[in-house]
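First the structure, in the form of structure tokens, and then the observations on it.
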There are 2 protein chains.
Amino acid sequence: MADDQLSLTFAALADPTRRAILARLADGEATVNELAEPFDMSLQAISKHLKVLERAGLISRGRQAQWRPCRLEGAPLADASAWIDRYREIWHDRLGRLDEEIQRIQRHRTEETGDT
Amino acid sequence: MADDQLSLTFAALADPTRRAILARLADGEATVNELAEPFDMSLQAISKHLKVLERAGLISRGRQAQWRPCRLEGAPLADASAWIDRYREIWHDRLGRLDEEIQRIQRHRTEETGDT
DNA sequence: CAGTTGTTCAACTCTTTGGTTGAGTATGCG
DNA sequence: CGCATACTCAACCAAAGAGTTGAACAACTG
């Protein structure tokens, strides 16, 4: 995998487990054990996922006694969103045109058949 | 890699070559050769990248004689953007709070003797 | 028809990823 | 101290990714 920031972010997001972890962290900080609890997976596997998220800058980690609380960091998400948004116009256009097309067809049908 | 739609989309975006291809396609349809031209990479490699993008639904392909023109499809981008946007409030809040915190600290420094 | 162009398929290599288990480190508590 | 808790590190494995080369297919051109 490429190691530029955007690639790291998207790669980190390309896994349901990691997305679920981020969703959990949106509700506030959590420890590794708390994050691992919902998953049928070893603690070490979760630890690895957290490392991926950390490398992507999506989370940061503190130290409180033997706990390493994780916190969501939004900045890379903002960058990823900004990248995608460069295409927002395009997909809006496309979807907009699709809507128009559907409406056109339905008008057509109504005119011709007198249908609903 | 997980094969749900969102994972496929993010995984497809997690590569600079593929992102560059999408950027190129934002300007309009292109053939495989046209897409491959900027890259120092075999045509077959580009073909593979296109397959990844196609599997993620990010592009669709036509047939014109021996050419297979590619077109950008926005729908998965819209989904990806929507997923990230669920965290927009959080990252805005966080960045906002960070600003406030910095300002608070700086006020503090100025008011007191200047030390932490 | 043969030849050229555009593209894909197949097989191979090398690296990364996502999981495992087992051992090791760090902190708090009796 | 000794022990439990929270977590990480290391080694391993199977599967997937990203690239290569060589061969094949498809459609146009002379």
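By convention here, the chains of the structure tokens are called A, B, ... in the order presented, each chain's residues are numbered starting at 1, and ligands are numbered starting at 1 in the order presented.
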Chain A contacts on chain B, only C-alpha atoms, 9 Å, as a PyMOL selection string:
chain B and resi 1-2+4+6-16+23+26+72-75+77-78+80-81+84-85+87-88+90-92+94-95
Grab the residues selected above and save them as a CSV table (one decimal), in the first residue's frame with N, CA, C and O atoms.
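Written file, selection05.csv:
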```csv
chain,number,residue,atom,x,y,z
B,1,MET,N,-9.5,-8.6,2.1
B,1,MET,CA,-10.3,-7.5,2.3
B,1,MET,C,-11.8,-7.8,2.4
B,1,MET,O,-12.3,-8.7,1.7
B,2,ALA,N,-12.6,-7.1,3.2
B,2,ALA,CA,-14.0,-7.3,3.3
B,2,ALA,C,-14.6,-6.9,1.9
B,2,ALA,O,-14.1,-6.0,1.3
B,4,ASP,N,-17.9,-5.8,1.4
B,4,ASP,CA,-19.1,-5.0,1.4
B,4,ASP,C,-18.8,-3.7,0.6
B,4,ASP,O,-17.6,-3.4,0.3
B,6,LEU,N,-18.9,-0.5,1.0
B,6,LEU,CA,-18.1,0.6,1.5
B,6,LEU,C,-16.7,0.3,1.6
B,6,LEU,O,-15.8,1.1,1.3
B,7,SER,N,-16.4,-1.0,2.0
B,7,SER,CA,-15.0,-1.4,2.1
B,7,SER,C,-14.4,-1.4,0.7
B,7,SER,O,-13.2,-1.0,0.5
B,8,LEU,N,-15.1,-1.9,-0.3
B,8,LEU,CA,-14.6,-1.9,-1.6
B,8,LEU,C,-14.3,-0.5,-2.1
B,8,LEU,O,-13.2,-0.3,-2.7
B,9,THR,N,-15.2,0.4,-1.8
B,9,THR,CA,-14.9,1.8,-2.2
B,9,THR,C,-13.7,2.4,-1.6
B,9,THR,O,-12.8,2.9,-2.3
B,10,PHE,N,-13.6,2.3,-0.3
B,10,PHE,CA,-12.5,2.9,0.4
B,10,PHE,C,-11.2,2.2,0.0
B,10,PHE,O,-10.2,2.9,-0.2
B,11,ALA,N,-11.2,0.9,-0.2
B,11,ALA,CA,-10.0,0.2,-0.6
B,11,ALA,C,-9.6,0.7,-2.0
B,11,ALA,O,-8.4,0.8,-2.3
B,12,ALA,N,-10.6,0.9,-2.9
B,12,ALA,CA,-10.2,1.3,-4.2
B,12,ALA,C,-9.6,2.7,-4.2
B,12,ALA,O,-8.7,3.0,-4.9
B,13,LEU,N,-10.0,3.5,-3.2
B,13,LEU,CA,-9.5,4.9,-3.1
B,13,LEU,C,-8.2,4.9,-2.4
B,13,LEU,O,-7.5,6.0,-2.5
B,14,ALA,N,-7.8,3.8,-1.8
B,14,ALA,CA,-6.5,3.8,-1.0
B,14,ALA,C,-5.3,3.6,-1.9
B,14,ALA,O,-4.3,3.0,-1.5
B,15,ASP,N,-5.3,4.1,-3.1
B,15,ASP,CA,-4.2,3.9,-4.0
B,15,ASP,C,-4.0,5.2,-4.9
B,15,ASP,O,-5.0,5.5,-5.6
B,16,PRO,N,-2.9,5.8,-4.9
B,16,PRO,CA,-2.7,7.1,-5.6
B,16,PRO,C,-2.9,6.9,-7.1
B,16,PRO,O,-3.5,7.8,-7.7
B,23,ALA,N,-9.4,11.0,-11.1
B,23,ALA,CA,-9.3,12.5,-11.3
B,23,ALA,C,-9.3,12.7,-12.8
B,23,ALA,O,-10.0,13.6,-13.3
B,26,ALA,N,-12.7,12.4,-14.2
B,26,ALA,CA,-13.6,13.6,-13.9
B,26,ALA,C,-13.7,14.5,-15.1
B,26,ALA,O,-14.7,15.2,-15.2
B,72,LEU,N,-16.5,7.7,-15.1
B,72,LEU,CA,-16.6,7.8,-13.7
B,72,LEU,C,-18.1,7.6,-13.2
B,72,LEU,O,-19.0,8.2,-13.8
B,73,GLU,N,-18.3,6.8,-12.1
B,73,GLU,CA,-19.6,6.7,-11.6
B,73,GLU,C,-19.6,7.2,-10.1
B,73,GLU,O,-18.8,6.8,-9.3
B,74,GLY,N,-20.4,8.2,-9.9
B,74,GLY,CA,-20.3,8.9,-8.6
B,74,GLY,C,-20.9,8.2,-7.4
B,74,GLY,O,-20.6,8.5,-6.3
B,75,ALA,N,-21.9,7.3,-7.6
B,75,ALA,CA,-22.7,6.8,-6.5
B,75,ALA,C,-21.9,6.3,-5.3
B,75,ALA,O,-22.1,6.7,-4.2
B,77,LEU,N,-19.0,7.1,-4.4
B,77,LEU,CA,-18.3,8.3,-3.8
B,77,LEU,C,-19.3,9.0,-2.9
B,77,LEU,O,-19.0,9.4,-1.8
B,78,ALA,N,-20.6,9.1,-3.3
B,78,ALA,CA,-21.6,9.7,-2.5
B,78,ALA,C,-21.8,8.9,-1.2
B,78,ALA,O,-21.9,9.5,-0.1
B,80,ALA,N,-19.5,6.9,0.3
B,80,ALA,CA,-18.4,7.1,1.1
B,80,ALA,C,-18.4,8.5,1.8
B,80,ALA,O,-18.1,8.6,3.0
B,81,SER,N,-18.8,9.5,1.0
B,81,SER,CA,-18.8,10.8,1.6
B,81,SER,C,-19.9,10.9,2.7
B,81,SER,O,-19.7,11.4,3.8
B,84,ILE,N,-18.5,9.3,5.9
B,84,ILE,CA,-17.5,10.2,6.6
B,84,ILE,C,-18.3,11.4,7.2
B,84,ILE,O,-18.0,11.8,8.3
B,85,ASP,N,-19.3,11.8,6.6
B,85,ASP,CA,-20.0,13.0,7.0
B,85,ASP,C,-20.7,12.8,8.4
B,85,ASP,O,-21.0,13.7,9.1
B,87,TYR,N,-19.3,12.0,10.8
B,87,TYR,CA,-18.3,12.4,11.8
B,87,TYR,C,-18.0,13.9,11.6
B,87,TYR,O,-17.2,14.4,12.3
B,88,ARG,N,-18.6,14.5,10.6
B,88,ARG,CA,-18.3,15.9,10.3
B,88,ARG,C,-18.4,16.8,11.6
B,88,ARG,O,-17.5,17.5,11.9
B,90,ILE,N,-18.3,15.9,14.6
B,90,ILE,CA,-17.2,15.6,15.6
B,90,ILE,C,-15.9,16.3,15.2
B,90,ILE,O,-15.3,17.0,16.0
B,91,TRP,N,-15.5,16.2,14.0
B,91,TRP,CA,-14.2,16.8,13.7
B,91,TRP,C,-14.3,18.3,13.7
B,91,TRP,O,-13.3,19.0,14.1
B,92,HIS,N,-15.4,18.8,13.3
B,92,HIS,CA,-15.6,20.3,13.4
B,92,HIS,C,-15.5,20.7,14.8
B,92,HIS,O,-14.8,21.6,15.2
B,94,ARG,N,-14.1,19.1,17.4
B,94,ARG,CA,-12.8,18.9,17.9
B,94,ARG,C,-11.9,20.1,17.5
B,94,ARG,O,-11.2,20.7,18.3
B,95,LEU,N,-11.9,20.4,16.2
B,95,LEU,CA,-11.0,21.4,15.7
B,95,LEU,C,-11.4,22.7,16.3
B,95,LEU,O,-10.5,23.5,16.7
```
Tell me which protein, DNA and RNA residues are within 10 Å of stretch 4-21 of chain D, counting only C-alpha atoms (C1' of nucleotides), leaving out same-chain ones fewer than 2 positions away, and put them as a PyMOL selection string.
(chain A and resi 1+31-33+43-44+47-48+65-68) or (chain B and resi 1+41-42+44-45+48-49) or (chain C and resi 11-29) or (chain D and resi 2+23)
For the selection just defined, write its residues with C-alpha atoms (C1' of nucleotides) to a file, as a JSON list (two decimals), in the first residue's frame.
```json
[["chain", "number", "residue", "atom", "x", "y", "z"],
["A", 1, "MET", "CA", 0.00, 0.00, 0.00],
["A", 31, "THR", "CA", -9.86, 1.52, 26.21],
["A", 32, "VAL", "CA", -8.59, -1.35, 24.07],
["A", 33, "ASN", "CA", -10.63, -3.88, 26.02],
["A", 43, "LEU", "CA", -7.31, -8.62, 21.69],
["A", 44, "GLN", "CA", -4.09, -8.66, 19.72],
["A", 47, "SER", "CA", -4.49, -3.94, 18.92],
["A", 48, "LYS", "CA", -3.27, -4.28, 15.33],
["A", 65, "ALA", "CA", -2.09, 3.63, 34.47],
["A", 66, "GLN", "CA", -2.27, 0.37, 32.53],
["A", 67, "TRP", "CA", -4.92, 1.68, 30.17],
["A", 68, "ARG", "CA", -4.24, 3.18, 26.78],
["B", 1, "MET", "CA", -10.35, -7.46, 2.32],
["B", 41, "MET", "CA", 3.61, 1.04, -15.38],
["B", 42, "SER", "CA", 2.52, -1.72, -17.72],
["B", 44, "GLN", "CA", -1.82, -4.78, -17.66],
["B", 45, "ALA", "CA", -1.24, -3.16, -14.31],
["B", 48, "LYS", "CA", -5.99, -4.43, -13.01],
["B", 49, "HIS", "CA", -6.50, -1.07, -11.34],
["C", 11, "DA", "C1'", 0.91, -17.50, -14.34],
["C", 12, "DC", "C1'", 4.38, -16.05, -11.52],
["C", 13, "DT", "C1'", 6.82, -13.19, -7.73],
["C", 14, "DC", "C1'", 7.11, -10.24, -3.81],
["C", 15, "DT", "C1'", 5.00, -7.74, -0.21],
["C", 16, "DT", "C1'", 1.29, -6.59, 2.82],
["C", 17, "DT", "C1'", -2.66, -7.66, 5.57],
["C", 18, "DG", "C1'", -5.44, -9.79, 8.96],
["C", 19, "DG", "C1'", -5.71, -13.20, 11.82],
["C", 20, "DT", "C1'", -3.64, -16.62, 15.24],
["C", 21, "DT", "C1'", -0.87, -18.09, 19.67],
["C", 22, "DG", "C1'", 2.59, -17.42, 23.22],
["C", 23, "DA", "C1'", 5.59, -14.65, 25.65],
["C", 24, "DG", "C1'", 6.76, -10.10, 27.56],
["C", 25, "DT", "C1'", 6.03, -5.33, 29.61],
["C", 26, "DA", "C1'", 3.70, -1.96, 32.62],
["C", 27, "DT", "C1'", 0.78, -0.61, 36.25],
["C", 28, "DG", "C1'", -2.00, -1.15, 40.40],
["C", 29, "DC", "C1'", -3.19, -3.93, 44.62],
["D", 2, "DG", "C1'", 3.64, -11.77, 44.26],
["D", 23, "DA", "C1'", 0.11, -15.28, -24.65]]
```
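Atom CA of A:Asp40 is found 27.0 Å from atom CA of B:Asp79.
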Residues of chain C within 10 Å of chain B, only C-alpha atoms (C1' of nucleotides) counted, as an MDAnalysis selection string
chainID C and resid 5:9 17:18
Please write the residues from the selection above to a file, keeping N, CA and C atoms (P, O5', C5', C4', C3', O3' and C1' of nucleotides), as a tab-separated table (two decimals), in the first residue's frame.
```tsv
chain	number	residue	atom	x	y	z
C	5	DT	P	0.42	-0.65	-34.76
C	5	DT	O5'	-0.98	-0.58	-33.98
C	5	DT	C5'	-2.13	-0.05	-34.65
C	5	DT	C4'	-3.31	-0.12	-33.72
C	5	DT	C3'	-2.98	0.26	-32.27
C	5	DT	O3'	-4.00	1.09	-31.77
C	5	DT	C1'	-3.96	-1.88	-32.33
C	6	DG	P	-3.95	1.75	-30.34
C	6	DG	O5'	-4.94	0.81	-29.53
C	6	DG	C5'	-6.34	0.87	-29.80
C	6	DG	C4'	-7.06	-0.02	-28.83
C	6	DG	C3'	-6.73	0.22	-27.35
C	6	DG	O3'	-7.94	0.28	-26.62
C	6	DG	C1'	-6.42	-2.06	-27.90
C	7	DT	P	-7.91	0.67	-25.04
C	7	DT	O5'	-7.92	-0.79	-24.39
C	7	DT	C5'	-9.01	-1.64	-24.70
C	7	DT	C4'	-8.72	-3.05	-24.28
C	7	DT	C3'	-8.38	-3.24	-22.81
C	7	DT	O3'	-9.56	-3.63	-22.12
C	7	DT	C1'	-7.24	-4.74	-24.27
C	8	DT	P	-9.53	-4.03	-20.58
C	8	DT	O5'	-9.29	-5.61	-20.63
C	8	DT	C5'	-10.16	-6.42	-21.38
C	8	DT	C4'	-9.67	-7.86	-21.38
C	8	DT	C3'	-9.52	-8.46	-19.99
C	8	DT	O3'	-10.20	-9.71	-19.99
C	8	DT	C1'	-7.56	-8.80	-21.26
C	9	DC	P	-10.48	-10.51	-18.63
C	9	DC	O5'	-9.51	-11.78	-18.76
C	9	DC	C5'	-9.46	-12.48	-19.98
C	9	DC	C4'	-8.40	-13.58	-19.92
C	9	DC	C3'	-8.24	-14.22	-18.54
C	9	DC	O3'	-8.11	-15.62	-18.72
C	9	DC	C1'	-6.17	-13.37	-19.28
C	17	DT	P	-0.10	-3.14	4.70
C	17	DT	O5'	-1.23	-4.23	4.95
C	17	DT	C5'	-2.02	-4.68	3.86
C	17	DT	C4'	-3.01	-5.72	4.34
C	17	DT	C3'	-3.52	-5.48	5.76
C	17	DT	O3'	-4.91	-5.67	5.74
C	17	DT	C1'	-2.66	-7.66	5.57
C	18	DG	P	-5.86	-5.20	6.89
C	18	DG	O5'	-6.31	-6.55	7.58
C	18	DG	C5'	-7.01	-7.53	6.83
C	18	DG	C4'	-7.09	-8.79	7.65
C	18	DG	C3'	-7.41	-8.54	9.14
C	18	DG	O3'	-8.40	-9.46	9.56
C	18	DG	C1'	-5.44	-9.79	8.96
```
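Separating atom CA of B:Ala20 from atom CA of B:Arg55 is a distance of 17.2 Å.
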